[in-house]
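One structure is given below, encoded as structure tokens.
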Amino acid sequence: MQEASEVAPEAPPPVAGLAPPPALGVLLVAWLFAGLLLAFILLPLLQLVATPSLASLRRAAGDTDIASALGLSLIGAALAALLSATIGVPLAYLLARTRFPGRATVAAIADLPLCVPHTVAGIALLMVFGRRGLVGRPAEALFGLQFWGSLAGVVVAMAFVAVPYMVNAARIGFEAVDPRLEKVARTLGMGPWEVLLRITLPLAAHGIATGFALTFARAISEFGAVVILAYYPMTAPVRIYELFLRFGLDDAVAAAVLLLALSLALFVLFRHFVQRVAPMPGIGR
Amino acid sequence: MSARGLALDGVSLRLGSFALRDLRLEIGTGEVLVLLGANGAGKSVCLETIAGFHRPDAGRILIGGRDVTAEPPERRRVGLLLQSFALFPHLSAAENVAVGFRGRNHREARRAAEALLARFGAEHLARRRPQLLSPGEKQRIALARALASRPELFLFDEPFSALDMETRDALRDELAEFLRRSQIPAIFVTHDHTDALVLADQVAIMERGGIVQSGRAAEVFARPAATGIARFLGVENLLDGRLEQAPDGRLRFAVGGAALEVAPLPASAARAGRPAIACIRAGEVRLGRHRAAPPDAGASHLEGRILSQRSLGPLCTVTLDCGFRLVACLMARDARELGLAPGAVVAAQIPSDAVHILPGEALG
Amino acid sequence: MTNRRAPFCAALLGLALALASPPGAARGEEAGALAVFAAGTLAVPFRELDALFERRHPDIPVQPQFGGSVMMAKRIVELGQAADILAVADYNVIPKYLFSGSGKARAEWYVGFARNAITFVYTDCSRYADAISAKNWYEVLARPGVAIGRSDPNTDPSGYQTLQMLSLAEAHYGVPGLAAKILANAPSANMRDTETALLSALQLGQIDYLAIYRSDALQHGLRHLDLPAQIDLSDPTLASAYATGVAQTKNGALHGRPIVYAATIPSGAGHPEWAALYLALLLGPDGQAIMRKNGFGVIAPGYAVGAEKVPPALRPLVAAWPGS
């Protein structure tokens with residue numbers, strides 16, 4: 001990559017490839033469509049937030065069923081994100097750094113969960129992780145681990161639908177690491193594992209952390225696949241659905257607003273945290 | 001094989017559709033070899049092989065007298081410096097240098113790093129991140145970092161190619177000084193022959209994965225082995241003509257109606273009576289106001305009309321028509337004193353040993 | 001950089017297709033179609049009925065939607081969706097949710113048209129499949145290691161009907177603790193909101209037995225138990241006996257009632273005349289044949305509640321609900 005001509009010492013880093021600002025007409029049209037998008041997202045959510053009364057919100061916040069559903073969703077999503085990171089980051093590394101026959105196919109496979117309808121995914125997972133399944137049967141026999149109607153099942157369903165986000169974000173993170181840095185690190189005496197831990201992973205941390213956040217967000221909102229494997233214990237989306245069936249819109253909406261507020265707060269906190277601890281690697285290529 | 005420095009003994013390698021073919025090099029302590037070649041010639045692959053990132057199919061690599069052919073990069077004691085210096089962006093300058101100090105704990109390495117930076121006059125940069133350093137500062141940090149790991153060989157892969165000319169010149173001078181002081185042998189890869197002019201003790205030219213000429217720098221520049229190499233080295237005059245032997249035994253090169261005196265050639269050179277190509281560096285052509293007195297075997301004396309003139313800072317390049325196109329290079333102030341201008345007629349003198357003969361058919 | 005262009009082109013294509021689709025498709029309910037909201041267990045027979053109806057009345061397209069009975073009722077009451085016909089698996093859902101509804105979300109009568117029974121279905125791979133019979137089922141199902149699935153009694157009729165049946169069985173067989181022992185094998189982990197997931201679970205061997213309707217057993221070709229009519233909620237004349245069976249749910253204690261499928265035409269229906277034609281077909285001999293064929297018990301003439309409000313065209317096909 002050609003760098004722009006470098007500047008005198010003590011100057012701020014150059015912004016590579018400074019583009020001229022777009023023409024006014026282009027900006028207006030772009031903002032028009034952008035406005036549509038923002039309205040598309042905000043209107044339903046604002047309507048949702050405005051619907052429940054403060055009393056019903058307070059009631060929902062104090063309800064132990066709802067609280068435990070929210071807690072289960074948080075724990076499940078966190079575990080699902082950890083699981084996705086464990087199995088997704090190595091694949092992302094391979095896709096970013098190596099060339100092998102069938103590489104495009106492997107990348108497509110990692111994206112497959114995005115195309116599978118959620119209920120279908122749930123049933124497919126049940127086939128494998130159920131009592132008689134390829135993984136479920138030995139898991140129960142060896143570890144007493146059940147995926148039906150349990151936290152483990154929730155985590156598996158969440159991870160299945162969310163792992164593509166992890167793989168793609170981590171892959172971008174690794175691709176942003178200049179391989180020349182790794183070469184130089186080797187010549188300085190670092191073995192391949194030390195290079196991975198001290199150079200590659202810290203520089204890819206931003207991408208991996210972003211993947212973690214996206215995976216968490218996707219996992220916490222999953223309903224279709226989770227509900228096949230585990231209805232009880234109830235995650236928040238399932239509880240909200242049950243509330244709607246039993247009582248009606250008001251109670252369901254109050255719980256939904258709580259889930260929304262929680263997810264949003266977590267997301268913002270996480271992004272802030274990531275920016276401080278693992279910011280985008282500088283323009284050091 | 002020398003006990004210090006680098007030796008490549010018949011190194012060959014296949015990399016997809018590219019191949020390195022039977023590379024042979026030898027560099028002693030304190031020597032700098034500049035590896036020249038066009039893009040795609042294989043210079044970077046050669047460096048990477050020496051550094052240990054490719055396993056040769058045949059041949060040996062010796063660094064500091066040790067056979068490292070089977071060693072992984074981290075055990076080869078090589079310092080690698082790349083384009084824009086590859087400083088780790090997530091570490092400060094001092095932390096970058098500290099990485100080079102192996103086998104010490106964190107605090108010791110930091111202290112050693114800061115001491116080393118002081119030797120480079122860069123201690124004030126210790127806490128700065130690489131993104132905020134100028135190219136000169138980056139070079140110093142990168143050199144300090146490489147030096148910390150006590151290399152036996154330096155490898156430079158076009159570190160200046162993204163810089164403007166002025167910065168490039170400054171850094172090159174600094175680097176030359178550094179290499180002279182450290183006495184660590186180095187290979188410097190570039191596609192710019194002026195780098196070779198400044199830095200090289202030895203020069204090797206690569207083409208399509210093989211070394212087509214190598215030797216002392218002065219020798220290679222004066223006597224390129226083929227027209228392609230000559231072009232690559234920036235030889236300004238490549239003349240298409242005929243080598244003839246006069247009845248008195250003297251060799252002459254006939255071109256464009258003139259006959260240039262040629263110094264006696266070794267037996268293996270081009271044979272008389274055949275088409276040949278004469279290589280003459282523009283700097284060897286002397287311009288003057290009058291044709292010098294008697295023609296002699298030591299030089300050719302010609303007259304030519306100035307076709308064009310170009311100034312390059314302190315130098316001036318002049319293109320003459322002497323019956324053939326001749327390019328001369330002189331100091332700008334000398335050009336002014338001679339009153340050179342397009343259309344003027346001047347005398348040109350070419351020493352016979354500046355005419356280097358290459359065998360060949362007509363230039364393509 | 002083809003990787004970057006492909007999703008962009010796909011998005012453009014998708015947008016183009018979406019814009020090009022006929023505008024009528026989105027407004028089916030209001031435009032010219034009969035909107036039928038029906039319980040999931042009626043899916044198979046109603047699809048046959050729809051096909052027959054469309055043959056008899058080619059100019060009336062039918063648009064059925066299936067789901068949990070309570071869910072379908074709530075769609076009308078809470079979400080204000082316009083249905084021409086609501087057909088539920090538990091007749092009580094209609095008075096409970098729609099009799100006190102306001103404006104368009106309201107009904108004033110309903111007709112019970114079919115019966116069903118609660119039973120347990122199983123496969124050849126189920127535990128003790130060869131040993132179980134109508135005589136020893138309550139003992140087999142209580143054995144350790146047997147996994148039983150059922151739907152959520154808080155949200156689904158078959159869920160609380162199962163509990164009512166077990167409560168009746170305990171009294172019928174005179175075995176105290178029968179219900180608790182069987183329910184120990186049907187913990188909340190084995191509960192789902194709809195039968196679809198549970199049927200898959202049964203077929204995959206995750207559960208051995210599934211509490212579900214006899215009609216489902218016949219439709220899916222599954223082995224099932226023939227339970228006594230005194231407990232399986234199948235006979236409308238045994239209503240008072242059934243009332244002694246109780247299901248404890250989050251909605252309170254629900255007393256047993258016969259499983260009667262009922263239908264009504266809500267006040268907000270867009271095409272009440274068409275709806276009346278549809279119900280006439282359902283309540284007539286053709287409809288009865290379809291229901292019978294699919295494993296439902298038939299109630300003919302239909303049992304009507306609020307008979308004076310039943311549309312005149314349907315009155316010949318119904319009689320007052322016995323005992324009301």
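We name chains A, B, ... following the order of the structure tokens; residues begin at 1 in each chain, and ligands are numbered from 1 as shown.
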### Who sits within 10 Å of Phe85 of chain B, only C-alpha atoms, same chain under 4 positions skipped, as a VMD selection string
(chain A and resid 180 to 181 184 284 to 285) or (chain B and resid 80 to 81 130 135 138 to 143 156 to 160)
### Task
Quick one: everything within 6 Å of segment 56-71 of chain C, counting only C-alpha atoms, minus sequence neighbours fewer than 2 positions away in the same chain. Send it as a PyMOL selection string.
(chain A and resi 245) or (chain C and resi 33-40+53-54+73-74+88)
Can I get the selected residues back with N, CA and C atoms, as a PDB file, in the first residue's frame?
```
ATOM      1  N   LEU A 245     -49.024 -13.899  25.432  1.00  0.00           N
ATOM      2  CA  LEU A 245     -50.063 -14.918  25.332  1.00  0.00           C
ATOM      3  C   LEU A 245     -50.956 -14.914  26.566  1.00  0.00           C
TER       4      LEU A 245
ATOM      5  N   ALA C  33     -60.503 -11.392   0.172  1.00  0.00           N
ATOM      6  CA  ALA C  33     -60.241 -12.760   0.624  1.00  0.00           C
ATOM      7  C   ALA C  33     -60.891 -12.995   1.967  1.00  0.00           C
ATOM      8  N   LEU C  34     -61.177 -14.264   2.213  1.00  0.00           N
ATOM      9  CA  LEU C  34     -61.804 -14.659   3.473  1.00  0.00           C
ATOM     10  C   LEU C  34     -60.687 -14.973   4.471  1.00  0.00           C
ATOM     11  N   ALA C  35     -60.597 -14.194   5.564  1.00  0.00           N
ATOM     12  CA  ALA C  35     -59.515 -14.385   6.533  1.00  0.00           C
ATOM     13  C   ALA C  35     -59.976 -15.337   7.615  1.00  0.00           C
ATOM     14  N   VAL C  36     -59.352 -16.487   7.665  1.00  0.00           N
ATOM     15  CA  VAL C  36     -59.716 -17.505   8.653  1.00  0.00           C
ATOM     16  C   VAL C  36     -58.581 -17.636   9.669  1.00  0.00           C
ATOM     17  N   PHE C  37     -58.875 -17.365  10.947  1.00  0.00           N
ATOM     18  CA  PHE C  37     -57.898 -17.582  12.027  1.00  0.00           C
ATOM     19  C   PHE C  37     -58.291 -18.874  12.720  1.00  0.00           C
ATOM     20  N   ALA C  38     -57.381 -19.850  12.728  1.00  0.00           N
ATOM     21  CA  ALA C  38     -57.763 -21.137  13.300  1.00  0.00           C
ATOM     22  C   ALA C  38     -56.661 -21.726  14.151  1.00  0.00           C
ATOM     23  N   ALA C  39     -57.061 -22.599  15.090  1.00  0.00           N
ATOM     24  CA  ALA C  39     -56.091 -23.264  15.956  1.00  0.00           C
ATOM     25  C   ALA C  39     -55.191 -24.163  15.116  1.00  0.00           C
ATOM     26  N   GLY C  40     -53.957 -24.320  15.604  1.00  0.00           N
ATOM     27  CA  GLY C  40     -52.988 -25.117  14.869  1.00  0.00           C
ATOM     28  C   GLY C  40     -53.445 -26.533  14.595  1.00  0.00           C
ATOM     29  N   PHE C  53     -64.021 -25.455  -0.428  1.00  0.00           N
ATOM     30  CA  PHE C  53     -64.759 -24.184  -0.474  1.00  0.00           C
ATOM     31  C   PHE C  53     -64.402 -23.406  -1.738  1.00  0.00           C
ATOM     32  N   GLU C  54     -63.130 -23.364  -2.074  1.00  0.00           N
ATOM     33  CA  GLU C  54     -62.720 -22.604  -3.250  1.00  0.00           C
ATOM     34  C   GLU C  54     -63.222 -23.258  -4.532  1.00  0.00           C
ATOM     35  N   ALA C  73     -56.821 -15.501  19.187  1.00  0.00           N
ATOM     36  CA  ALA C  73     -57.826 -14.624  19.798  1.00  0.00           C
ATOM     37  C   ALA C  73     -57.203 -13.279  20.141  1.00  0.00           C
ATOM     38  N   LYS C  74     -55.980 -13.316  20.668  1.00  0.00           N
ATOM     39  CA  LYS C  74     -55.329 -12.069  21.049  1.00  0.00           C
ATOM     40  C   LYS C  74     -55.001 -11.208  19.847  1.00  0.00           C
ATOM     41  N   VAL C  88     -61.333 -22.120  17.356  1.00  0.00           N
ATOM     42  CA  VAL C  88     -60.393 -22.404  18.432  1.00  0.00           C
ATOM     43  C   VAL C  88     -60.516 -23.845  18.912  1.00  0.00           C
TER      44      VAL C  88
END
```
### Test item, helix (DSSP H, G or I) assignment across segment 23-204 of chain A, answer as a PyMOL selection string
chain A and resi 24-50+54-62+64-97+103-114+118-129+136-143+151-175+179-187+192-204
Could you make a table, as a Markdown table, of the residues of segment 194-261 of chain A that have an atom within 12 Å of an atom of segment 241-259 of chain C, each with its nearest atom pair and distance in Å to one decimal, counting only C-alpha atoms, in chain and number order?
```
| residue | atom | partner | partner_atom | distance |
| --- | --- | --- | --- | --- |
| A:Glu242 | CA | C:Lys250 | CA | 11.2 |
| A:Leu243 | CA | C:Lys250 | CA | 10.9 |
| A:Leu245 | CA | C:Asn251 | CA | 11.1 |
| A:Arg246 | CA | C:Asn251 | CA | 7.6 |
| A:Phe247 | CA | C:Asn251 | CA | 9.1 |
```
Could the residues in this selection be saved with N, CA and C atoms as an mmCIF file, in the first residue's frame?
```cif
data_model
loop_
_atom_site.group_PDB
_atom_site.id
_atom_site.type_symbol
_atom_site.label_atom_id
_atom_site.label_comp_id
_atom_site.auth_asym_id
_atom_site.auth_seq_id
_atom_site.Cartn_x
_atom_site.Cartn_y
_atom_site.Cartn_z
ATOM 1 N N GLU A 242 -44.465 -15.222 26.141
ATOM 2 C CA GLU A 242 -45.401 -15.880 27.056
ATOM 3 C C GLU A 242 -46.298 -14.846 27.726
ATOM 4 N N LEU A 243 -45.697 -13.697 28.086
ATOM 5 C CA LEU A 243 -46.504 -12.645 28.708
ATOM 6 C C LEU A 243 -47.595 -12.172 27.758
ATOM 7 N N LEU A 245 -49.024 -13.899 25.432
ATOM 8 C CA LEU A 245 -50.063 -14.918 25.332
ATOM 9 C C LEU A 245 -50.956 -14.914 26.566
ATOM 10 N N ARG A 246 -50.345 -14.708 27.714
ATOM 11 C CA ARG A 246 -51.151 -14.819 28.936
ATOM 12 C C ARG A 246 -51.914 -13.554 29.239
ATOM 13 N N PHE A 247 -51.297 -12.418 29.086
ATOM 14 C CA PHE A 247 -51.937 -11.190 29.545
ATOM 15 C C PHE A 247 -52.277 -10.238 28.421
#
```
### Query
Once you count only C-alpha atoms, which residues of chain C turn out to be within 8 Å of chain A? Could you give them as JSON, numbers by chain?
{"C": [70, 71, 74, 78, 154, 155, 188, 189, 190, 191, 192, 193, 197, 200, 201, 204, 205, 206, 251]}
Taking C-alpha atoms for each residue, export the selection above as an mmCIF file, in the first residue's frame.
```cif
data_model
loop_
_atom_site.group_PDB
_atom_site.id
_atom_site.type_symbol
_atom_site.label_atom_id
_atom_site.label_comp_id
_atom_site.auth_asym_id
_atom_site.auth_seq_id
_atom_site.Cartn_x
_atom_site.Cartn_y
_atom_site.Cartn_z
ATOM 1 C CA VAL C 70 -55.185 -17.963 22.566
ATOM 2 C CA MET C 71 -52.652 -16.333 20.244
ATOM 3 C CA LYS C 74 -55.329 -12.069 21.049
ATOM 4 C CA GLU C 78 -55.079 -6.903 21.255
ATOM 5 C CA ASN C 154 -50.305 -21.170 30.888
ATOM 6 C CA THR C 155 -50.663 -20.413 27.231
ATOM 7 C CA SER C 188 -40.795 -27.765 32.491
ATOM 8 C CA ALA C 189 -37.706 -28.624 30.472
ATOM 9 C CA ASN C 190 -39.981 -30.780 28.308
ATOM 10 C CA MET C 191 -42.552 -28.064 27.770
ATOM 11 C CA ARG C 192 -42.913 -26.059 24.610
ATOM 12 C CA ASP C 193 -45.418 -23.466 23.464
ATOM 13 C CA ALA C 197 -41.448 -28.499 18.363
ATOM 14 C CA SER C 200 -40.002 -33.061 16.214
ATOM 15 C CA ALA C 201 -38.685 -33.893 19.662
ATOM 16 C CA LEU C 204 -35.941 -37.422 17.261
ATOM 17 C CA GLY C 205 -36.283 -39.490 20.381
ATOM 18 C CA GLN C 206 -35.765 -36.591 22.766
ATOM 19 C CA ASN C 251 -53.994 -18.015 35.206
#
```
### Query
What's the 9 Å shell around Leu287 of chain B, counting only C-alpha atoms, without same-chain residues fewer than 6 positions away, as a VMD selection string?
chain B and resid 328 to 330 335 338 346 to 349
### Message
Just to confirm, what's the straight-line distance from atom CA of Val163 of chain A to atom CA of Phe40 of chain A in Å (one decimal)?
### Response
26.5 Å
### Task
Compile the contact shell of Val89 of chain A as a count of residues only: residues with an atom at most 9 Å away, counting only C-alpha atoms, same-chain residues fewer than 6 positions apart removed.
5
### Message
I'd like the neighbourhood of segment 224-239 of chain B as a PyMOL selection string, where a residue qualifies if any of its atoms comes within 7 Å (using only C-alpha atoms), though same-chain residues fewer than 5 positions away should be ignored.
### Response
chain B and resi 193+213+277-282+326-327+358
#### Entry: Spatial neighbours of Val97 of chain B, 7 Å, only C-alpha atoms, chain gap at least 6 places, as a ChimeraX atom specification
/B:113,141,144-145,148
For the selection just defined, write its residues with C-alpha atoms to a file, as a PDB file, in the first residue's frame.
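Output contents, as saved in again.pdb:
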```
ATOM      1  CA  ALA B 113      15.903   0.000  25.402  1.00  0.00           C
ATOM      2  CA  ILE B 141      13.900   3.392  16.299  1.00  0.00           C
ATOM      3  CA  ALA B 144      17.771   0.433  17.488  1.00  0.00           C
ATOM      4  CA  ARG B 145      15.202  -2.337  17.706  1.00  0.00           C
ATOM      5  CA  ALA B 148      18.945  -4.829  20.296  1.00  0.00           C
TER       6      ALA B 148
END
```
### Task
When you get a sec, could you note down which chain B residues fall within 8 Å of chain A, using only C-alpha atoms, as a PyMOL selection string?
chain B and resi 51+73-82+84+86-90+99-100+102+130-135+137+146+149+162-164
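Take atom CA of Asp321 of chain B and atom CA of Val355 of chain B: the distance between them is 17.6 Å.
For Ala7 of chain B, the residues within 6 Å (counting only C-alpha atoms, excluding itself and residues fewer than 4 positions away along the chain) are Leu25, Glu26, Ile61 and Leu62 of chain B.
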### Separation of atom CA of Pro247 of chain B from atom CA of Glu261 of chain B, in Å and rounded to one decimal
13.7 Å
